[in-house]
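Here is the structure we will look at, set down as structure tokens.
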Amino acid sequence: MADKEPRGEAYETQHVHTVYEEIASHFSSTRYKPWPIVESFLKGLPDGSIGADVGCGNGKYLAVNPRVFIVGSDRSTNLVKIAKAYHSHSVIVADSLSLPHPSKTFDFAISIAVIHHLSTPERRIEAVRAVLDILRPPSSVQGDEGGKALIYVWALEQKDSRRGWDEGHEQDVMVPWVLKGKREKKPSKKRQSDDQISEDRDRDRGMGGQGEDKTFLRYYHLYRKGELEGDIEEAGGRILGSGYEKDNWWAIAVSKMDS
Amino acid sequence: MKLLTLNFLTCAIKTCKTSPSSFPLHPQDSELEIVEADINVLFLRNMLPRLMWNELRLIVNELGLPSLPETAPDASSLLETKLQVPEGDTTGLNIEKIEVPSQVAKDLHRVLLETCIREGKLVCGNCGHEYKVMEGVANFLLPGHLV
Ligand SMILES: [Zn+2]
């Protein structure tokens, strides 16, 4: 276990939301390269599709396809301020478990690197359910014409990453983010920011700030193989496809037929 | 925040969502601004069937903007044919027909995609909760006792 505090909303406020609010601008400067699966999902949508980016962060996925309309939401006001720059869409501040969207509305939804920040199994399933709930339901049991969700979470199995976690490791972990204090005339600055392009290997890098380095710990639940699919089924979804990409598990799902 | 966004927003309080009066949210004390954007007729055409027309009309009236037509425009009315002489043709004999966005399309684009709420609040018609809009961003975080 990462610690002994009771899990739930208050825990996430302290170990997820507050941290992102503090590290927003540095975090954002390392988050500009879209993951390939997400990019191809978004580029494959018909013009005029309507979607939600639940947990949009700095809005990097809002830039991928300007011919669709996305309402991005994030819990962090500071990240949403950055995401606001993508004028062809709209962004709001909202909690992923209390989304202000009407049910059965969207053609697509994405939830990228969000659900792994919820600290109990119940809350993770509820978060998946919240994403599925805002999709247009399919009109037949096996139909795939309903709204589609792409969900992406960090994998436990990543022995080749620099963290080296793998099967059998504790799944609930605290991951550091280091805000580097300002150094005098630092010649390596350029090289360091190039390193940050490989974002999933550099989740804990940050630059800027004043004086001393400051380390923030963020809570993550690392998903083991099959667990994301299990959560989606538990939440009432049907899986159209799933897989593994660069230390992450992903799945594309529809909500079950309207009953 | 584009007015189009209001077509996809309701109250964040779960018990409100099932009540018809929670949609649409009502803008109050709004400060509007125009943020120009390129018109995309295909986008508008695909958007048309998603629009809750009566609710959008209501919002537009509440904001004191020129009224929307009583019924949603037909997709075919978004384009009009224009005759023009091709560039470089000095004879004027080779008139060609081109399709351009109609006034209907331009008006719809103006109100839904270029008219934005910069400051103000969005009020739920069911529970009366007010969501603040600041610098073009609406905040839907709820106080603990309402989650
Ligand atoms: Zn309400």
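Every chain in the structure tokens takes a letter, A first, then B, and so on in the order presented; its residues are numbered from 1, and the ligands are numbered from 1 following the presented order.
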
- Task: Return as an MDAnalysis selection string every polymer residue, whether protein, DNA or RNA, with at least one atom no more than 6 Å from an atom of ligand 1; count only C-alpha atoms and all ligand atoms.
- Result: chainID B and resid 11 13 16 22 124 126:127 129

Written file, previous selection with all heavy atoms, as a compact mmCIF listing (two decimals), in the first residue's frame:
# COMPACT_ATOMS: atom_id res chain seq x y z
N CYS B 11 -27.05 20.55 -15.35
CA CYS B 11 -26.62 20.69 -13.96
C CYS B 11 -25.72 19.50 -13.58
O CYS B 11 -25.95 18.37 -14.01
CB CYS B 11 -27.84 20.73 -13.06
SG CYS B 11 -27.46 21.13 -11.34
N ILE B 13 -25.39 18.30 -10.63
CA ILE B 13 -25.95 17.57 -9.48
C ILE B 13 -26.79 16.40 -10.01
O ILE B 13 -27.71 16.58 -10.81
CB ILE B 13 -26.80 18.52 -8.61
CG1 ILE B 13 -25.89 19.63 -8.05
CG2 ILE B 13 -27.48 17.76 -7.47
CD1 ILE B 13 -26.64 20.79 -7.43
N CYS B 16 -30.52 16.28 -10.27
CA CYS B 16 -31.12 17.27 -11.17
C CYS B 16 -31.20 16.77 -12.61
O CYS B 16 -32.10 17.11 -13.35
CB CYS B 16 -30.28 18.55 -11.19
SG CYS B 16 -30.88 19.78 -10.03
N SER B 22 -33.72 21.00 -15.72
CA SER B 22 -32.28 21.28 -15.52
C SER B 22 -31.59 21.60 -16.85
O SER B 22 -30.42 21.96 -16.87
CB SER B 22 -31.59 20.11 -14.83
OG SER B 22 -31.61 18.98 -15.68
N CYS B 124 -29.16 26.63 -12.93
CA CYS B 124 -30.00 25.45 -13.12
C CYS B 124 -31.45 25.83 -12.86
O CYS B 124 -31.78 26.41 -11.82
CB CYS B 124 -29.57 24.34 -12.17
SG CYS B 124 -30.70 22.91 -12.18
N ASN B 126 -33.79 23.82 -12.26
CA ASN B 126 -34.42 22.90 -11.33
C ASN B 126 -34.06 23.21 -9.88
O ASN B 126 -34.92 23.37 -9.03
CB ASN B 126 -34.03 21.46 -11.67
CG ASN B 126 -34.84 20.44 -10.90
OD1 ASN B 126 -36.07 20.50 -10.90
ND2 ASN B 126 -34.17 19.52 -10.25
N CYS B 127 -32.75 23.31 -9.60
CA CYS B 127 -32.33 23.51 -8.20
C CYS B 127 -31.85 24.93 -7.92
O CYS B 127 -31.62 25.30 -6.76
CB CYS B 127 -31.23 22.52 -7.82
SG CYS B 127 -29.65 22.88 -8.61
N HIS B 129 -29.00 26.19 -8.60
CA HIS B 129 -27.56 26.32 -8.38
C HIS B 129 -26.94 27.19 -9.48
O HIS B 129 -27.30 27.07 -10.65
CB HIS B 129 -26.89 24.94 -8.34
CG HIS B 129 -25.48 24.99 -7.82
ND1 HIS B 129 -25.19 25.12 -6.49
CD2 HIS B 129 -24.29 24.96 -8.47
CE1 HIS B 129 -23.87 25.16 -6.33
NE2 HIS B 129 -23.31 25.07 -7.53

Just want the 10 Å neighbourhood of range 43-51 of chain B, counted on only C-alpha atoms, with same-chain residues fewer than 5 positions away dropped. Output as a compact mmCIF listing (two decimals) with N, CA and C atoms, in the first residue's frame.
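The resulting file, part.txt, is reproduced below:
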# COMPACT_ATOMS: atom_id res chain seq x y z
N PRO A 46 -15.97 11.29 -38.01
CA PRO A 46 -16.53 12.11 -39.08
C PRO A 46 -16.59 13.60 -38.68
N ASP A 47 -16.48 14.48 -39.66
CA ASP A 47 -16.62 15.92 -39.41
C ASP A 47 -17.90 16.21 -38.64
N GLY A 48 -17.83 17.13 -37.72
CA GLY A 48 -19.03 17.54 -37.00
C GLY A 48 -19.39 16.61 -35.86
N SER A 49 -18.58 15.58 -35.58
CA SER A 49 -18.84 14.72 -34.42
C SER A 49 -18.71 15.54 -33.15
N ILE A 50 -19.49 15.15 -32.15
CA ILE A 50 -19.51 15.86 -30.88
C ILE A 50 -18.93 14.96 -29.81
N ARG A 67 -12.02 19.44 -36.91
CA ARG A 67 -13.31 19.32 -37.58
C ARG A 67 -14.36 18.62 -36.73
N VAL A 68 -14.03 18.34 -35.47
CA VAL A 68 -15.02 17.83 -34.53
C VAL A 68 -15.16 18.86 -33.41
N PHE A 69 -16.21 18.73 -32.63
CA PHE A 69 -16.39 19.68 -31.51
C PHE A 69 -16.28 18.91 -30.20
N THR A 105 -25.65 11.64 -25.08
CA THR A 105 -25.52 12.80 -25.95
C THR A 105 -24.40 12.70 -26.97
N PHE A 106 -23.23 12.21 -26.54
CA PHE A 106 -22.03 12.41 -27.35
C PHE A 106 -21.74 11.25 -28.32
N LEU B 4 -22.75 27.29 -28.39
CA LEU B 4 -22.97 25.89 -28.75
C LEU B 4 -22.73 24.96 -27.56
N ASN B 7 -25.55 23.64 -25.45
CA ASN B 7 -26.35 22.53 -25.97
C ASN B 7 -25.92 21.20 -25.35
N PHE B 8 -24.74 21.18 -24.74
CA PHE B 8 -24.18 19.94 -24.18
C PHE B 8 -23.92 20.03 -22.69
N LEU B 56 -32.16 26.21 -27.43
CA LEU B 56 -31.20 27.22 -27.90
C LEU B 56 -31.90 28.55 -28.18
N ALA B 72 -35.66 24.75 -36.72
CA ALA B 72 -34.26 24.61 -37.13
C ALA B 72 -34.17 24.67 -38.65
N PRO B 73 -33.16 25.33 -39.20
CA PRO B 73 -33.04 25.39 -40.66
C PRO B 73 -32.80 24.00 -41.24
N ASP B 74 -33.21 23.85 -42.48
CA ASP B 74 -32.99 22.62 -43.20
C ASP B 74 -31.53 22.58 -43.67
N ALA B 75 -30.95 21.38 -43.67
CA ALA B 75 -29.54 21.26 -44.06
C ALA B 75 -29.28 21.87 -45.44
N SER B 76 -30.27 21.74 -46.33
CA SER B 76 -30.07 22.22 -47.70
C SER B 76 -30.01 23.74 -47.78
N SER B 77 -30.48 24.42 -46.74
CA SER B 77 -30.50 25.89 -46.78
C SER B 77 -29.16 26.49 -46.34
N LEU B 78 -28.20 25.64 -46.02
CA LEU B 78 -26.91 26.16 -45.53
C LEU B 78 -25.99 26.61 -46.66
N LEU B 79 -26.27 26.12 -47.86
CA LEU B 79 -25.45 26.50 -49.00
C LEU B 79 -26.31 27.23 -50.02
N ALA B 105 -26.57 29.95 -42.90
CA ALA B 105 -25.38 29.31 -42.32
C ALA B 105 -24.53 30.31 -41.56
N LYS B 106 -24.36 31.49 -42.16
CA LYS B 106 -23.53 32.51 -41.51
C LYS B 106 -24.14 32.95 -40.18
N LEU B 108 -26.15 31.21 -38.24
CA LEU B 108 -26.05 30.11 -37.28
C LEU B 108 -24.62 30.02 -36.73
N HIS B 109 -23.65 30.14 -37.62
CA HIS B 109 -22.24 30.12 -37.23
C HIS B 109 -21.95 31.26 -36.26
N LEU B 112 -23.82 30.46 -32.74
CA LEU B 112 -23.42 29.26 -31.99
C LEU B 112 -21.92 29.15 -31.78
N LEU B 113 -21.14 29.56 -32.78
CA LEU B 113 -19.69 29.29 -32.72
C LEU B 113 -18.83 30.52 -32.50

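Minimum atom-to-atom distances from A:Val64, A:Cys56, A:Val175, A:Val91 to chain B were compared using only C-alpha atoms, and the lowest value belongs to A:Val91.
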
- Task: Please return, as a ChimeraX atom specification, all residues of chain A lying within 7 Å of chain B when only C-alpha atoms are considered.
- Result: /A:47-48,67,90-95,98-102

Could you dump the residues just selected with C-alpha atoms as a PDB file, in the first residue's frame?
ATOM      1  CA  ASP A  47     -16.618  15.922 -39.406  1.00  0.00           C
ATOM      2  CA  GLY A  48     -19.028  17.542 -37.001  1.00  0.00           C
ATOM      3  CA  ARG A  67     -13.309  19.319 -37.585  1.00  0.00           C
ATOM      4  CA  SER A  90     -14.814  24.563 -25.306  1.00  0.00           C
ATOM      5  CA  VAL A  91     -13.383  23.727 -21.907  1.00  0.00           C
ATOM      6  CA  ILE A  92     -14.972  23.668 -18.469  1.00  0.00           C
ATOM      7  CA  VAL A  93     -13.863  22.900 -14.944  1.00  0.00           C
ATOM      8  CA  ALA A  94     -15.676  19.783 -13.722  1.00  0.00           C
ATOM      9  CA  ASP A  95     -15.226  16.617 -11.693  1.00  0.00           C
ATOM     10  CA  SER A  98     -20.080  14.810 -11.463  1.00  0.00           C
ATOM     11  CA  LEU A  99     -20.047  15.689 -15.148  1.00  0.00           C
ATOM     12  CA  PRO A 100     -22.454  18.445 -16.219  1.00  0.00           C
ATOM     13  CA  HIS A 101     -23.423  16.734 -19.476  1.00  0.00           C
ATOM     14  CA  PRO A 102     -26.834  15.364 -20.421  1.00  0.00           C
TER      15      PRO A 102
END

- Item | Backbone DSSP call of alpha helix (DSSP H) for chain B, listed as a list in words | Lys14, Thr15, Cys16, Lys17, Val41, Leu42, Phe43, Leu44, Arg45, Asn46, Met47, Trp53, Asn54, Glu55, Leu56, Arg57, Leu58, Ile59, Val60, Asn61, Glu62, Gln103, Val104, Ala105, Lys106, Asp107, Leu108 and His109 of chain B

Residue selection dump (N, CA and C atoms) as a CSV table (one decimal), in the first residue's frame:
chain,number,residue,atom,x,y,z
B,14,LYS,N,-26.4,15.2,-9.6
B,14,LYS,CA,-27.0,14.0,-10.2
B,14,LYS,C,-28.5,13.9,-10.1
B,15,THR,N,-29.1,14.4,-9.0
B,15,THR,CA,-30.5,14.3,-8.8
B,15,THR,C,-31.2,15.3,-9.7
B,16,CYS,N,-30.5,16.3,-10.3
B,16,CYS,CA,-31.1,17.3,-11.2
B,16,CYS,C,-31.2,16.8,-12.6
B,17,LYS,N,-30.2,16.0,-13.0
B,17,LYS,CA,-30.0,15.6,-14.4
B,17,LYS,C,-31.3,15.0,-15.0
B,41,VAL,N,-19.3,24.5,-43.3
B,41,VAL,CA,-20.7,24.2,-43.6
B,41,VAL,C,-21.0,22.7,-43.3
B,42,LEU,N,-20.0,21.8,-43.6
B,42,LEU,CA,-20.2,20.4,-43.3
B,42,LEU,C,-20.4,20.2,-41.8
B,43,PHE,N,-19.6,20.9,-41.0
B,43,PHE,CA,-19.6,20.8,-39.6
B,43,PHE,C,-21.0,21.3,-39.1
B,44,LEU,N,-21.5,22.4,-39.6
B,44,LEU,CA,-22.8,22.9,-39.2
B,44,LEU,C,-23.9,21.9,-39.6
B,45,ARG,N,-23.8,21.3,-40.8
B,45,ARG,CA,-24.8,20.4,-41.3
B,45,ARG,C,-24.9,19.1,-40.3
B,46,ASN,N,-23.7,18.6,-40.0
B,46,ASN,CA,-23.7,17.5,-39.0
B,46,ASN,C,-24.2,17.8,-37.6
B,47,MET,N,-24.0,19.1,-37.3
B,47,MET,CA,-24.4,19.6,-36.0
B,47,MET,C,-25.9,19.8,-35.9
B,53,TRP,N,-33.2,22.7,-30.5
B,53,TRP,CA,-33.5,24.0,-31.1
B,53,TRP,C,-34.3,24.9,-30.2
B,54,ASN,N,-35.4,24.3,-29.6
B,54,ASN,CA,-36.2,25.2,-28.7
B,54,ASN,C,-35.4,25.7,-27.6
B,55,GLU,N,-34.6,24.9,-27.0
B,55,GLU,CA,-33.8,25.3,-25.8
B,55,GLU,C,-32.8,26.4,-26.2
B,56,LEU,N,-32.2,26.2,-27.4
B,56,LEU,CA,-31.2,27.2,-27.9
B,56,LEU,C,-31.9,28.6,-28.2
B,57,ARG,N,-33.1,28.5,-28.7
B,57,ARG,CA,-33.9,29.7,-29.0
B,57,ARG,C,-34.1,30.4,-27.7
B,58,LEU,N,-34.5,29.7,-26.7
B,58,LEU,CA,-34.7,30.2,-25.3
B,58,LEU,C,-33.5,31.0,-24.8
B,59,ILE,N,-32.3,30.3,-24.9
B,59,ILE,CA,-31.1,30.9,-24.4
B,59,ILE,C,-30.8,32.2,-25.2
B,60,VAL,N,-30.9,32.1,-26.5
B,60,VAL,CA,-30.6,33.3,-27.3
B,60,VAL,C,-31.5,34.5,-26.9
B,61,ASN,N,-32.8,34.2,-26.6
B,61,ASN,CA,-33.7,35.2,-26.2
B,61,ASN,C,-33.3,35.7,-24.8
B,62,GLU,N,-33.0,34.8,-23.9
B,62,GLU,CA,-32.6,35.3,-22.6
B,62,GLU,C,-31.3,36.2,-22.6
B,103,GLN,N,-26.7,32.9,-46.0
B,103,GLN,CA,-26.9,33.8,-44.9
B,103,GLN,C,-27.4,33.0,-43.7
B,104,VAL,N,-28.2,32.0,-43.9
B,104,VAL,CA,-28.7,31.1,-42.8
B,104,VAL,C,-27.5,30.5,-42.1
B,105,ALA,N,-26.6,30.0,-42.9
B,105,ALA,CA,-25.4,29.3,-42.3
B,105,ALA,C,-24.5,30.3,-41.6
B,106,LYS,N,-24.4,31.5,-42.2
B,106,LYS,CA,-23.5,32.5,-41.5
B,106,LYS,C,-24.1,33.0,-40.2
B,107,ASP,N,-25.5,33.1,-40.2
B,107,ASP,CA,-26.1,33.5,-38.9
B,107,ASP,C,-26.0,32.5,-37.8
B,108,LEU,N,-26.1,31.2,-38.2
B,108,LEU,CA,-26.1,30.1,-37.3
B,108,LEU,C,-24.6,30.0,-36.7
B,109,HIS,N,-23.7,30.1,-37.6
B,109,HIS,CA,-22.2,30.1,-37.2
B,109,HIS,C,-21.9,31.3,-36.3

- From the DSSP assignment of the backbone, select every residue of range 10-208 of chain A that is strand (DSSP E or B), and format the answer as a PyMOL selection string. chain A and resi 50-54+69-74+90-93+95+98+106+108-112+135+148-155+172-179

- Quote the spacing between CA of Leu156 in chain A and CA of Leu217 in chain A in Å to one decimal place. 17.7 Å

Can you tell me which residues surround Val100 in chain B at a distance of at most 7 Å, considering only C-alpha atoms, apart from same-chain residues fewer than 5 positions away, and format the answer as an mmCIF file with C-alpha atoms, in the first residue's frame?
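Okay, this is what ended up in around_6.cif:
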data_model
loop_
_atom_site.group_PDB
_atom_site.id
_atom_site.type_symbol
_atom_site.label_atom_id
_atom_site.label_comp_id
_atom_site.auth_asym_id
_atom_site.auth_seq_id
_atom_site.Cartn_x
_atom_site.Cartn_y
_atom_site.Cartn_z
ATOM 1 C CA LEU B 79 -25.445 26.501 -49.005
ATOM 2 C CA GLU B 80 -26.417 28.770 -51.870
ATOM 3 C CA THR B 81 -25.311 28.884 -55.457
ATOM 4 C CA LYS B 82 -23.424 31.866 -56.655
#

- Message: With only C-alpha atoms as the counted atoms, please give the residues lying no more than 6 Å from Ile95 in chain B, apart from itself and same-chain residues fewer than 2 positions off, as JSON, numbers by chain.
- Response: {"B": [84, 85, 93]}

Take the residues just selected and output them with C-alpha atoms as a short mmCIF file (atom, residue, chain, number, x, y, z; two decimals), in the first residue's frame.
data_model
loop_
_atom_site.label_atom_id
_atom_site.label_comp_id
_atom_site.auth_asym_id
_atom_site.auth_seq_id
_atom_site.Cartn_x
_atom_site.Cartn_y
_atom_site.Cartn_z
CA GLN B 84 -19.01 33.99 -60.81
CA VAL B 85 -16.55 34.64 -63.57
CA LEU B 93 -18.25 34.19 -71.06
#

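Nearest-residue note for Glu157 in chain A: choosing from A:Lys81, A:Lys246, A:His117, A:Lys256, the minimum distance belongs to A:Lys246, counting only C-alpha atoms.
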
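CA of Lys180 in chain A to CA of Glu212 in chain A spans 7.0 Å [interatomic distance, one decimal].
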